[in-house]
Amino acid sequence: MRTILIAIFILHYSLIFSQAKRSYNWVTGYSGNMVNFENGIVTIQGLSPYKYFTGGNSCISDNDGNLIFARNGFYVFYKIGAYIDNGDTLVPHYYYNVQSWSSFLSQTSIFLPMDNNMYYFVTPTFSDLRYDDCHNQNGNCYFDLLLYNTIDMNANGGAGKVVNRMIPLMQNANLRKTQMMACRHGNGKDWWLLKNEGDYGDVHTFLFTHDSVYDKGVQSFFQPTWGVEDIRGQSTFNSDGSRFATTSHGSSTGLVFLADFDRCYGILSSPSVIQMPWGSQHNPNDTTLMDRLSVGLTFSPNNKFLYVISYTNVYQYDFQDSTWFHVAGLDTLANAAQGYETAYIGPDNKIYIGNFGGLSKQMSRIDNPDVKGAGCNFCPRCLRLDSLGANAYVGTPPCMPNYGLGAKVCWPLNSSEISVVSSELVVYPNPSSTVFIIKNKQGRKKEFFNVLGELLFSTKEDEINIRHYARGVYYIRCEGESKKVIID
């Protein structure tokens, strides 16, 4: 038995490690500059056949760390630099032509790998009608389409083909132009995709499986109010997928939405909102021009800190004591019009911060992001592409989920496990037709399941309102303990 468990562990570790290599190559910048992270060493591979990877860029490598696809938001390029078969012009033509063949908006494309050499890639975008309405008439600048495509890399002798093009996930919608990220399902195979919707804190959730895509509906939150104009913004998950964060500069308030995330059921819970500080646009002593224009964010690898990026400042938020630390202001001269952009953890566990505008050919970096305060070691312009020529502008890191995130145990696993009862979890009155009160788990996360094992909701409240649920048997689970309850 021990030999079997060791073999399973080795297989599981091998799968996680190989999946992690999917992020080893980055394509970024005006000229599609290639950045490689193999063996923990960052190397610049020179100019590539790719172009215009300045904001909506994404890419993915295979399990051996070799680049497969790169995308500038509108095309899918194969590793040789040509369009993959059927992979050109994957947004409506009007928007494609106006935007000069690439997306400058952050998080407007993402690749999701599946078993059997199949891939999804997803794009939020404008229909022709909405784009015209947005820019020429009513100013309604929400995206109204969310499209997905599927790639079969078994086709064309391994060169691949887009076998399903521009399939609508949502139409006539009001979607944020930025703020889209995916997280591996608890089963280690499927993917959750979260896309912010509308002006408030509404998050649309989709489940991508090997053969189907499911719309799981909207999770609604009353705060924060983002504002329509969201040309900058970012969503992110922490390293184990248990927390979600998102921000947008639409309302210029520097607000960040935080919530716990359940990888097994795709549910956000325990929402909260924090606000980044005001910061000078030029130097700490200049208070005439202040900035709180949040454009990006990422968790530290150890999940103790959240780094929030504004146009001209970088901040570290400590979850333990709820304090902010000013990491850095502008990392170049103000007259170069250099601004910060989205931030991602690289395969080397350092945080890379993109840029837009200006003359910079470098990307800034945080070398020790797990260290509080100045010890995080902000390194200005330390990913340098200067030697690659006049057009080697860096742009932003590619939009990538955590490809190396493995499986976790999802409860209930089967019909027998759901009947587990704990004498330590105190619930009363039981039966009840109005509320269940949990006596001894104050402030802890409680999950409410039906008899089929479907998670209905989760909460940290100690009183559960069950007035709108049908009579029958249900289960409350908290910290590994479960209790059968009856609504009468």
# chains A, B, ... in the order shown; residues from 1 in each chain; ligands from 1
call {"tool": "residues_around", "arguments": {"residues": "Lys195 (chain A)", "least_positions_apart": "2", "cutoff": "8 Å", "atoms": "only C-alpha atoms", "output": "JSON list (two decimals) with N, CA and C atoms, in the first residue's frame"}}
result
[["chain", "number", "residue", "atom", "x", "y", "z"],
["A", 175, "LEU", "N", -19.76, 43.72, -20.19],
["A", 175, "LEU", "CA", -18.58, 43.12, -19.58],
["A", 175, "LEU", "C", -17.48, 44.15, -19.41],
["A", 176, "ARG", "N", -16.73, 44.02, -18.34],
["A", 176, "ARG", "CA", -15.52, 44.81, -18.18],
["A", 176, "ARG", "C", -14.58, 44.50, -19.33],
["A", 179, "GLN", "N", -9.96, 42.72, -16.47],
["A", 179, "GLN", "CA", -10.40, 41.93, -15.31],
["A", 179, "GLN", "C", -10.98, 40.56, -15.72],
["A", 180, "MET", "N", -10.12, 39.69, -16.21],
["A", 180, "MET", "CA", -10.48, 38.31, -16.52],
["A", 180, "MET", "C", -9.33, 37.41, -16.11],
["A", 181, "MET", "N", -9.62, 36.34, -15.36],
["A", 181, "MET", "CA", -8.58, 35.40, -14.97],
["A", 181, "MET", "C", -9.20, 34.03, -14.73],
["A", 193, "LEU", "N", -13.29, 30.14, -15.07],
["A", 193, "LEU", "CA", -12.96, 31.45, -15.64],
["A", 193, "LEU", "C", -13.86, 32.49, -14.99],
["A", 197, "GLU", "N", -18.26, 41.86, -14.62],
["A", 197, "GLU", "CA", -19.37, 42.30, -15.45],
["A", 197, "GLU", "C", -19.95, 43.59, -14.87],
["A", 203, "VAL", "N", -19.42, 39.30, -10.76],
["A", 203, "VAL", "CA", -18.42, 38.41, -11.36],
["A", 203, "VAL", "C", -19.13, 37.25, -12.04],
["A", 204, "HIS", "N", -18.92, 37.12, -13.34],
["A", 204, "HIS", "CA", -19.51, 36.01, -14.08],
["A", 204, "HIS", "C", -18.56, 34.82, -14.05],
["A", 205, "THR", "N", -19.11, 33.63, -13.85],
["A", 205, "THR", "CA", -18.30, 32.43, -13.65],
["A", 205, "THR", "C", -18.62, 31.38, -14.71]]
call {"tool": "residues_around", "arguments": {"residues": "Ala70 (chain A)", "least_positions_apart": "3", "cutoff": "9 Å", "atoms": "only C-alpha atoms", "output": "list in words"}}
result
Trp26, Val27, Tyr50, Phe53, Asn57, Ser58, Cys59, Ile60, Ser61, Leu67, Tyr75, Val76, Phe77, Tyr78, Lys79 and Gly81 of chain A
call {"tool": "closest_residue", "arguments": {"among": "A:Phe299, A:Phe257, A:Phe221, A:Tyr403", "to": "Lys189 (chain A)", "atoms": "only C-alpha atoms"}}
result
A:Tyr403
call {"tool": "select_by_dssp", "arguments": {"residues": "region 244-352 of chain A", "states": "strand (DSSP E or B)", "output": "mmCIF file with N, CA, C and O atoms, in the first residue's frame"}}
result
data_model
loop_
_atom_site.group_PDB
_atom_site.id
_atom_site.type_symbol
_atom_site.label_atom_id
_atom_site.label_comp_id
_atom_site.auth_asym_id
_atom_site.auth_seq_id
_atom_site.Cartn_x
_atom_site.Cartn_y
_atom_site.Cartn_z
ATOM 1 N N PHE A 244 -9.188 35.499 -4.299
ATOM 2 C CA PHE A 244 -9.354 36.216 -5.562
ATOM 3 C C PHE A 244 -9.270 37.702 -5.280
ATOM 4 O O PHE A 244 -9.743 38.182 -4.248
ATOM 5 N N ALA A 245 -8.645 38.444 -6.191
ATOM 6 C CA ALA A 245 -8.573 39.892 -6.069
ATOM 7 C C ALA A 245 -8.719 40.511 -7.446
ATOM 8 O O ALA A 245 -8.284 39.927 -8.457
ATOM 9 N N THR A 246 -9.325 41.697 -7.503
ATOM 10 C CA THR A 246 -9.475 42.383 -8.782
ATOM 11 C C THR A 246 -9.518 43.883 -8.551
ATOM 12 O O THR A 246 -9.941 44.355 -7.493
ATOM 13 N N THR A 247 -9.063 44.653 -9.558
ATOM 14 C CA THR A 247 -9.110 46.099 -9.492
ATOM 15 C C THR A 247 -9.229 46.669 -10.893
ATOM 16 O O THR A 247 -8.911 46.006 -11.881
ATOM 17 N N SER A 248 -9.709 47.907 -10.974
ATOM 18 C CA SER A 248 -9.845 48.616 -12.246
ATOM 19 C C SER A 248 -9.690 50.096 -11.989
ATOM 20 O O SER A 248 -10.080 50.597 -10.934
ATOM 21 N N LEU A 255 -9.727 51.227 -5.631
ATOM 22 C CA LEU A 255 -10.404 50.187 -4.870
ATOM 23 C C LEU A 255 -9.966 48.801 -5.341
ATOM 24 O O LEU A 255 -9.724 48.564 -6.519
ATOM 25 N N VAL A 256 -9.895 47.876 -4.387
ATOM 26 C CA VAL A 256 -9.539 46.485 -4.661
ATOM 27 C C VAL A 256 -10.600 45.590 -4.024
ATOM 28 O O VAL A 256 -10.917 45.729 -2.836
ATOM 29 N N PHE A 257 -11.148 44.682 -4.817
ATOM 30 C CA PHE A 257 -12.124 43.713 -4.314
ATOM 31 C C PHE A 257 -11.399 42.428 -3.966
ATOM 32 O O PHE A 257 -10.597 41.912 -4.759
ATOM 33 N N LEU A 258 -11.685 41.876 -2.768
ATOM 34 C CA LEU A 258 -11.073 40.636 -2.295
ATOM 35 C C LEU A 258 -12.164 39.652 -1.898
ATOM 36 O O LEU A 258 -13.208 40.054 -1.371
ATOM 37 N N ALA A 259 -11.935 38.359 -2.128
ATOM 38 C CA ALA A 259 -12.884 37.332 -1.687
ATOM 39 C C ALA A 259 -12.171 35.991 -1.595
ATOM 40 O O ALA A 259 -11.164 35.754 -2.277
ATOM 41 N N ASP A 260 -12.682 35.113 -0.734
ATOM 42 C CA ASP A 260 -12.236 33.721 -0.734
ATOM 43 C C ASP A 260 -12.818 33.037 -1.964
ATOM 44 O O ASP A 260 -13.891 33.404 -2.457
ATOM 45 N N PHE A 261 -12.109 32.015 -2.464
ATOM 46 C CA PHE A 261 -12.573 31.295 -3.645
ATOM 47 C C PHE A 261 -12.532 29.802 -3.389
ATOM 48 O O PHE A 261 -11.552 29.282 -2.860
ATOM 49 N N ASP A 262 -13.609 29.120 -3.747
ATOM 50 C CA ASP A 262 -13.703 27.667 -3.611
ATOM 51 C C ASP A 262 -13.442 27.041 -4.971
ATOM 52 O O ASP A 262 -14.254 27.143 -5.892
ATOM 53 N N ILE A 267 -17.146 29.233 -6.164
ATOM 54 C CA ILE A 267 -17.919 30.202 -5.410
ATOM 55 C C ILE A 267 -16.996 31.178 -4.675
ATOM 56 O O ILE A 267 -16.034 30.774 -4.024
ATOM 57 N N LEU A 268 -17.314 32.475 -4.811
ATOM 58 C CA LEU A 268 -16.655 33.527 -4.059
ATOM 59 C C LEU A 268 -17.412 33.770 -2.755
ATOM 60 O O LEU A 268 -18.643 33.780 -2.748
ATOM 61 N N SER A 269 -16.688 33.988 -1.672
ATOM 62 C CA SER A 269 -17.322 34.221 -0.374
ATOM 63 C C SER A 269 -16.472 35.188 0.434
ATOM 64 O O SER A 269 -15.334 35.495 0.081
ATOM 65 N N SER A 270 -17.040 35.670 1.539
ATOM 66 C CA SER A 270 -16.360 36.595 2.449
ATOM 67 C C SER A 270 -15.766 37.791 1.708
ATOM 68 O O SER A 270 -14.562 38.081 1.809
ATOM 69 N N PRO A 271 -16.588 38.519 0.958
ATOM 70 C CA PRO A 271 -16.062 39.646 0.177
ATOM 71 C C PRO A 271 -15.653 40.816 1.061
ATOM 72 O O PRO A 271 -16.213 41.046 2.129
ATOM 73 N N SER A 272 -14.677 41.567 0.596
ATOM 74 C CA SER A 272 -14.259 42.797 1.265
ATOM 75 C C SER A 272 -13.660 43.727 0.220
ATOM 76 O O SER A 272 -13.312 43.312 -0.890
ATOM 77 N N VAL A 273 -13.551 44.998 0.587
ATOM 78 C CA VAL A 273 -12.983 46.012 -0.299
ATOM 79 C C VAL A 273 -11.935 46.797 0.470
ATOM 80 O O VAL A 273 -12.179 47.229 1.601
ATOM 81 N N ILE A 274 -10.762 46.975 -0.125
ATOM 82 C CA ILE A 274 -9.728 47.821 0.456
ATOM 83 C C ILE A 274 -9.396 48.921 -0.545
ATOM 84 O O ILE A 274 -9.695 48.814 -1.730
ATOM 85 N N GLN A 275 -8.775 49.974 -0.059
ATOM 86 C CA GLN A 275 -8.452 51.126 -0.897
ATOM 87 C C GLN A 275 -6.982 51.457 -0.785
ATOM 88 O O GLN A 275 -6.447 51.618 0.308
ATOM 89 N N GLY A 279 -0.776 58.614 -3.876
ATOM 90 C CA GLY A 279 0.663 58.720 -4.047
ATOM 91 C C GLY A 279 1.005 59.790 -5.050
ATOM 92 O O GLY A 279 0.227 60.083 -5.963
ATOM 93 N N SER A 280 2.168 60.381 -4.912
ATOM 94 C CA SER A 280 2.619 61.411 -5.830
ATOM 95 C C SER A 280 2.890 60.819 -7.205
ATOM 96 O O SER A 280 3.367 59.687 -7.335
ATOM 97 N N MET A 290 -1.409 64.036 -7.517
ATOM 98 C CA MET A 290 -1.532 62.784 -6.781
ATOM 99 C C MET A 290 -2.218 61.726 -7.633
ATOM 100 O O MET A 290 -3.012 62.043 -8.526
ATOM 101 N N ASP A 291 -1.933 60.458 -7.336
ATOM 102 C CA ASP A 291 -2.414 59.358 -8.170
ATOM 103 C C ASP A 291 -2.965 58.253 -7.280
ATOM 104 O O ASP A 291 -2.336 57.869 -6.289
ATOM 105 N N SER A 294 -5.533 52.654 -9.834
ATOM 106 C CA SER A 294 -5.091 51.261 -9.749
ATOM 107 C C SER A 294 -5.207 50.578 -11.105
ATOM 108 O O SER A 294 -6.239 50.640 -11.765
ATOM 109 N N VAL A 295 -4.132 49.938 -11.531
ATOM 110 C CA VAL A 295 -4.092 49.302 -12.847
ATOM 111 C C VAL A 295 -3.763 47.814 -12.779
ATOM 112 O O VAL A 295 -3.995 47.080 -13.741
ATOM 113 N N GLY A 296 -3.176 47.347 -11.684
ATOM 114 C CA GLY A 296 -2.789 45.949 -11.612
ATOM 115 C C GLY A 296 -2.564 45.505 -10.183
ATOM 116 O O GLY A 296 -2.497 46.325 -9.258
ATOM 117 N N LEU A 297 -2.449 44.202 -10.003
ATOM 118 C CA LEU A 297 -2.219 43.654 -8.665
ATOM 119 C C LEU A 297 -1.826 42.192 -8.759
ATOM 120 O O LEU A 297 -2.121 41.512 -9.739
ATOM 121 N N THR A 298 -1.127 41.712 -7.726
ATOM 122 C CA THR A 298 -0.801 40.293 -7.627
ATOM 123 C C THR A 298 -0.484 39.955 -6.173
ATOM 124 O O THR A 298 0.014 40.804 -5.425
ATOM 125 N N PHE A 299 -0.802 38.731 -5.769
ATOM 126 C CA PHE A 299 -0.438 38.244 -4.441
ATOM 127 C C PHE A 299 1.047 37.886 -4.406
ATOM 128 O O PHE A 299 1.637 37.534 -5.430
ATOM 129 N N PHE A 305 1.002 38.918 1.345
ATOM 130 C CA PHE A 305 0.934 40.301 0.893
ATOM 131 C C PHE A 305 0.186 40.382 -0.439
ATOM 132 O O PHE A 305 0.132 39.410 -1.202
ATOM 133 N N LEU A 306 -0.356 41.568 -0.679
ATOM 134 C CA LEU A 306 -0.938 41.885 -1.977
ATOM 135 C C LEU A 306 -0.221 43.111 -2.509
ATOM 136 O O LEU A 306 -0.127 44.135 -1.820
ATOM 137 N N TYR A 307 0.315 43.003 -3.716
ATOM 138 C CA TYR A 307 0.952 44.147 -4.353
ATOM 139 C C TYR A 307 -0.058 44.798 -5.285
ATOM 140 O O TYR A 307 -0.632 44.140 -6.163
ATOM 141 N N VAL A 308 -0.301 46.090 -5.073
ATOM 142 C CA VAL A 308 -1.265 46.844 -5.868
ATOM 143 C C VAL A 308 -0.501 47.925 -6.629
ATOM 144 O O VAL A 308 0.292 48.672 -6.046
ATOM 145 N N ILE A 309 -0.752 47.981 -7.926
ATOM 146 C CA ILE A 309 0.001 48.848 -8.816
ATOM 147 C C ILE A 309 -0.899 49.985 -9.298
ATOM 148 O O ILE A 309 -2.004 49.738 -9.789
ATOM 149 N N SER A 310 -0.431 51.220 -9.158
ATOM 150 C CA SER A 310 -1.118 52.354 -9.770
ATOM 151 C C SER A 310 -0.313 52.789 -10.992
ATOM 152 O O SER A 310 0.742 52.219 -11.295
ATOM 153 N N VAL A 314 3.856 51.793 -6.683
ATOM 154 C CA VAL A 314 3.727 50.380 -6.327
ATOM 155 C C VAL A 314 3.592 50.286 -4.812
ATOM 156 O O VAL A 314 4.388 50.883 -4.069
ATOM 157 N N TYR A 315 2.577 49.522 -4.352
ATOM 158 C CA TYR A 315 2.318 49.389 -2.927
ATOM 159 C C TYR A 315 2.260 47.914 -2.524
ATOM 160 O O TYR A 315 1.902 47.049 -3.333
ATOM 161 N N GLN A 316 2.594 47.671 -1.260
ATOM 162 C CA GLN A 316 2.474 46.338 -0.671
ATOM 163 C C GLN A 316 1.457 46.417 0.473
ATOM 164 O O GLN A 316 1.585 47.261 1.364
ATOM 165 N N TYR A 317 0.457 45.531 0.441
ATOM 166 C CA TYR A 317 -0.553 45.479 1.494
ATOM 167 C C TYR A 317 -0.340 44.220 2.323
ATOM 168 O O TYR A 317 -0.245 43.110 1.781
ATOM 169 N N ASP A 318 -0.237 44.388 3.643
ATOM 170 C CA ASP A 318 -0.010 43.280 4.565
ATOM 171 C C ASP A 318 -1.357 42.807 5.105
ATOM 172 O O ASP A 318 -2.061 43.556 5.793
ATOM 173 N N THR A 323 -1.841 46.982 6.815
ATOM 174 C CA THR A 323 -1.051 48.188 6.582
ATOM 175 C C THR A 323 -0.526 48.216 5.147
ATOM 176 O O THR A 323 -0.350 47.179 4.504
ATOM 177 N N TRP A 324 -0.263 49.454 4.677
ATOM 178 C CA TRP A 324 0.286 49.666 3.339
ATOM 179 C C TRP A 324 1.747 50.104 3.447
ATOM 180 O O TRP A 324 2.105 50.877 4.339
ATOM 181 N N PHE A 325 2.561 49.638 2.507
ATOM 182 C CA PHE A 325 3.939 50.098 2.394
ATOM 183 C C PHE A 325 4.155 50.584 0.969
ATOM 184 O O PHE A 325 3.802 49.893 0.006
ATOM 185 N N HIS A 326 4.720 51.790 0.844
ATOM 186 C CA HIS A 326 5.017 52.343 -0.480
ATOM 187 C C HIS A 326 6.325 51.748 -0.990
ATOM 188 O O HIS A 326 7.404 52.050 -0.478
ATOM 189 N N VAL A 327 6.211 50.888 -1.981
ATOM 190 C CA VAL A 327 7.381 50.176 -2.506
ATOM 191 C C VAL A 327 8.203 51.067 -3.414
ATOM 192 O O VAL A 327 9.431 51.138 -3.318
ATOM 193 N N ALA A 328 7.538 51.790 -4.337
ATOM 194 C CA ALA A 328 8.281 52.590 -5.311
ATOM 195 C C ALA A 328 7.357 53.568 -6.008
ATOM 196 O O ALA A 328 6.147 53.333 -6.138
ATOM 197 N N GLY A 339 4.400 54.627 -17.556
ATOM 198 C CA GLY A 339 3.435 54.241 -16.540
ATOM 199 C C GLY A 339 3.496 52.750 -16.268
ATOM 200 O O GLY A 339 3.863 51.953 -17.134
ATOM 201 N N TYR A 340 3.130 52.356 -15.046
ATOM 202 C CA TYR A 340 3.078 50.946 -14.691
ATOM 203 C C TYR A 340 1.823 50.297 -15.272
ATOM 204 O O TYR A 340 0.838 50.964 -15.603
ATOM 205 N N GLU A 341 1.862 48.984 -15.352
ATOM 206 C CA GLU A 341 0.741 48.219 -15.892
ATOM 207 C C GLU A 341 0.484 47.014 -15.000
ATOM 208 O O GLU A 341 0.689 47.077 -13.805
ATOM 209 N N THR A 342 0.035 45.912 -15.591
ATOM 210 C CA THR A 342 -0.275 44.709 -14.824
ATOM 211 C C THR A 342 0.991 44.073 -14.249
ATOM 212 O O THR A 342 2.101 44.298 -14.727
ATOM 213 N N ALA A 343 0.795 43.254 -13.211
ATOM 214 C CA ALA A 343 1.912 42.601 -12.519
ATOM 215 C C ALA A 343 1.627 41.106 -12.401
ATOM 216 O O ALA A 343 0.505 40.703 -12.099
ATOM 217 N N TYR A 344 2.639 40.281 -12.641
ATOM 218 C CA TYR A 344 2.501 38.827 -12.570
ATOM 219 C C TYR A 344 3.723 38.230 -11.873
ATOM 220 O O TYR A 344 4.839 38.751 -11.993
ATOM 221 N N ILE A 345 3.501 37.120 -11.187
ATOM 222 C CA ILE A 345 4.606 36.362 -10.627
ATOM 223 C C ILE A 345 5.230 35.527 -11.741
ATOM 224 O O ILE A 345 4.537 34.770 -12.432
ATOM 225 N N ILE A 351 8.183 39.126 -8.932
ATOM 226 C CA ILE A 351 7.053 39.835 -9.526
ATOM 227 C C ILE A 351 7.577 40.773 -10.609
ATOM 228 O O ILE A 351 8.484 41.578 -10.371
ATOM 229 N N TYR A 352 6.982 40.670 -11.800
ATOM 230 C CA TYR A 352 7.349 41.509 -12.931
ATOM 231 C C TYR A 352 6.213 42.477 -13.213
ATOM 232 O O TYR A 352 5.050 42.087 -13.294
#
call {"tool": "atom_distance", "arguments": {"atom1": "CA of Asn25 (chain A)", "atom2": "CA of Gly157 (chain A)"}}
result
23.4 Å
call {"tool": "closest_residue", "arguments": {"among": "A:Tyr475, A:Tyr142, A:Tyr265, A:Phe121", "to": "Gly73 (chain A)", "atoms": "only C-alpha atoms"}}
result
A:Phe121
call {"tool": "select_by_dssp", "arguments": {"residues": "region 124-276 of chain A", "states": "helix (DSSP H, G or I)", "output": "ChimeraX atom specification"}}
result
/A:128-136,156-158
call {"tool": "residues_around", "arguments": {"residues": "Glu447 (chain A)", "least_positions_apart": "6", "cutoff": "10 Å", "atoms": "only C-alpha atoms", "output": "PyMOL selection string"}}
result
chain A and resi 455-460+475-479+482
call {"tool": "write_last_selection", "arguments": {"atoms": "C-alpha atoms", "output": "CSV table (one decimal), in the first residue's frame"}}
result
chain,number,residue,atom,x,y,z
A,455,LEU,CA,-22.9,23.3,-2.6
A,456,LEU,CA,-25.7,25.9,-2.3
A,457,PHE,CA,-23.7,28.7,-0.6
A,458,SER,CA,-20.9,29.4,1.9
A,459,THR,CA,-20.8,32.0,4.7
A,460,LYS,CA,-18.9,33.0,7.8
A,475,TYR,CA,-25.8,19.2,5.2
A,476,ILE,CA,-23.7,21.9,6.9
A,477,ARG,CA,-20.0,21.5,6.7
A,478,CYS,CA,-17.3,23.4,8.7
A,479,GLU,CA,-13.6,22.7,9.0
A,482,SER,CA,-20.5,18.0,8.8
call {"tool": "residues_around", "arguments": {"residues": "Asp230 (chain A)", "least_positions_apart": "3", "cutoff": "8 Å", "atoms": "only C-alpha atoms", "output": "list in words"}}
result
Arg176, Lys177, Thr178, Trp226, Gly227, Gly233, Ser248, His249 and Gly250 of chain A
call {"tool": "write_last_selection", "arguments": {"atoms": "C-alpha atoms", "output": "PDB file, in the first residue's frame"}}
result
ATOM      1  CA  ARG A 176     -15.523  44.814 -18.185  1.00  0.00           C
ATOM      2  CA  LYS A 177     -12.905  45.236 -20.902  1.00  0.00           C
ATOM      3  CA  THR A 178     -10.207  44.103 -18.471  1.00  0.00           C
ATOM      4  CA  TRP A 226     -15.722  50.553 -10.880  1.00  0.00           C
ATOM      5  CA  GLY A 227     -16.789  53.083 -13.532  1.00  0.00           C
ATOM      6  CA  GLY A 233      -7.268  46.637 -14.716  1.00  0.00           C
ATOM      7  CA  SER A 248      -9.845  48.616 -12.246  1.00  0.00           C
ATOM      8  CA  HIS A 249      -8.936  52.242 -12.745  1.00  0.00           C
ATOM      9  CA  GLY A 250     -12.383  53.124 -14.111  1.00  0.00           C
TER      10      GLY A 250
END
call {"tool": "residues_around", "arguments": {"residues": "Thr123 (chain A)", "least_positions_apart": "6", "cutoff": "10 Å", "atoms": "only C-alpha atoms", "output": "number ranges by chain"}}
result
A: 56, 73-74, 90-91, 107-111, 145-149, 166, 168-169, 177, 180
call {"tool": "decode", "arguments": {"residues": "region 91-97 of chain A", "atoms": "all heavy atoms", "output": "CSV table (one decimal), in the first residue's frame"}}
result
chain,number,residue,atom,x,y,z
A,91,VAL,N,-11.7,38.1,-33.7
A,91,VAL,CA,-12.6,39.0,-33.1
A,91,VAL,C,-13.4,39.6,-34.3
A,91,VAL,O,-13.0,39.5,-35.5
A,91,VAL,CB,-11.9,40.2,-32.3
A,91,VAL,CG1,-11.2,39.6,-31.1
A,91,VAL,CG2,-10.9,40.9,-33.2
A,92,PRO,N,-14.5,40.3,-34.1
A,92,PRO,CA,-15.3,40.9,-35.2
A,92,PRO,C,-14.4,41.9,-36.0
A,92,PRO,O,-13.5,42.6,-35.4
A,92,PRO,CB,-16.4,41.6,-34.4
A,92,PRO,CG,-16.6,40.8,-33.2
A,92,PRO,CD,-15.3,40.3,-32.8
A,93,HIS,N,-14.6,41.9,-37.3
A,93,HIS,CA,-13.7,42.6,-38.2
A,93,HIS,C,-13.6,44.1,-37.9
A,93,HIS,O,-12.6,44.8,-38.1
A,93,HIS,CB,-14.1,42.4,-39.6
A,93,HIS,CG,-13.7,41.0,-40.1
A,93,HIS,ND1,-12.5,40.8,-40.7
A,93,HIS,CD2,-14.3,39.8,-40.1
A,93,HIS,CE1,-12.3,39.6,-41.0
A,93,HIS,NE2,-13.4,38.9,-40.6
A,94,TYR,N,-14.7,44.8,-37.6
A,94,TYR,CA,-14.7,46.2,-37.3
A,94,TYR,C,-13.8,46.6,-36.2
A,94,TYR,O,-12.9,47.4,-36.4
A,94,TYR,CB,-16.2,46.7,-37.0
A,94,TYR,CG,-16.4,48.2,-36.9
A,94,TYR,CD1,-15.4,49.1,-37.3
A,94,TYR,CD2,-17.6,48.7,-36.4
A,94,TYR,CE1,-15.6,50.4,-37.3
A,94,TYR,CE2,-17.8,50.0,-36.4
A,94,TYR,CZ,-16.8,50.9,-36.8
A,94,TYR,OH,-17.0,52.2,-36.7
A,95,TYR,N,-13.9,45.9,-35.1
A,95,TYR,CA,-13.0,46.2,-34.0
A,95,TYR,C,-11.6,45.8,-34.3
A,95,TYR,O,-10.6,46.6,-34.0
A,95,TYR,CB,-13.5,45.4,-32.8
A,95,TYR,CG,-12.7,45.6,-31.5
A,95,TYR,CD1,-12.5,46.9,-31.0
A,95,TYR,CD2,-12.2,44.6,-30.7
A,95,TYR,CE1,-11.7,47.1,-29.9
A,95,TYR,CE2,-11.5,44.8,-29.6
A,95,TYR,CZ,-11.3,46.1,-29.1
A,95,TYR,OH,-10.6,46.3,-28.0
A,96,TYR,N,-11.4,44.8,-35.0
A,96,TYR,CA,-10.1,44.3,-35.5
A,96,TYR,C,-9.4,45.4,-36.3
A,96,TYR,O,-8.2,45.7,-36.1
A,96,TYR,CB,-10.2,43.0,-36.3
A,96,TYR,CG,-9.0,42.6,-37.1
A,96,TYR,CD1,-8.0,41.9,-36.5
A,96,TYR,CD2,-9.0,42.9,-38.5
A,96,TYR,CE1,-6.9,41.6,-37.3
A,96,TYR,CE2,-7.9,42.5,-39.2
A,96,TYR,CZ,-6.8,41.9,-38.6
A,96,TYR,OH,-5.8,41.5,-39.4
A,97,ASN,N,-10.1,46.0,-37.3
A,97,ASN,CA,-9.5,47.0,-38.2
A,97,ASN,C,-9.2,48.3,-37.4
A,97,ASN,O,-8.2,48.9,-37.6
A,97,ASN,CB,-10.5,47.2,-39.3
A,97,ASN,CG,-10.5,46.1,-40.3
A,97,ASN,OD1,-9.5,45.4,-40.5
A,97,ASN,ND2,-11.7,45.8,-40.9
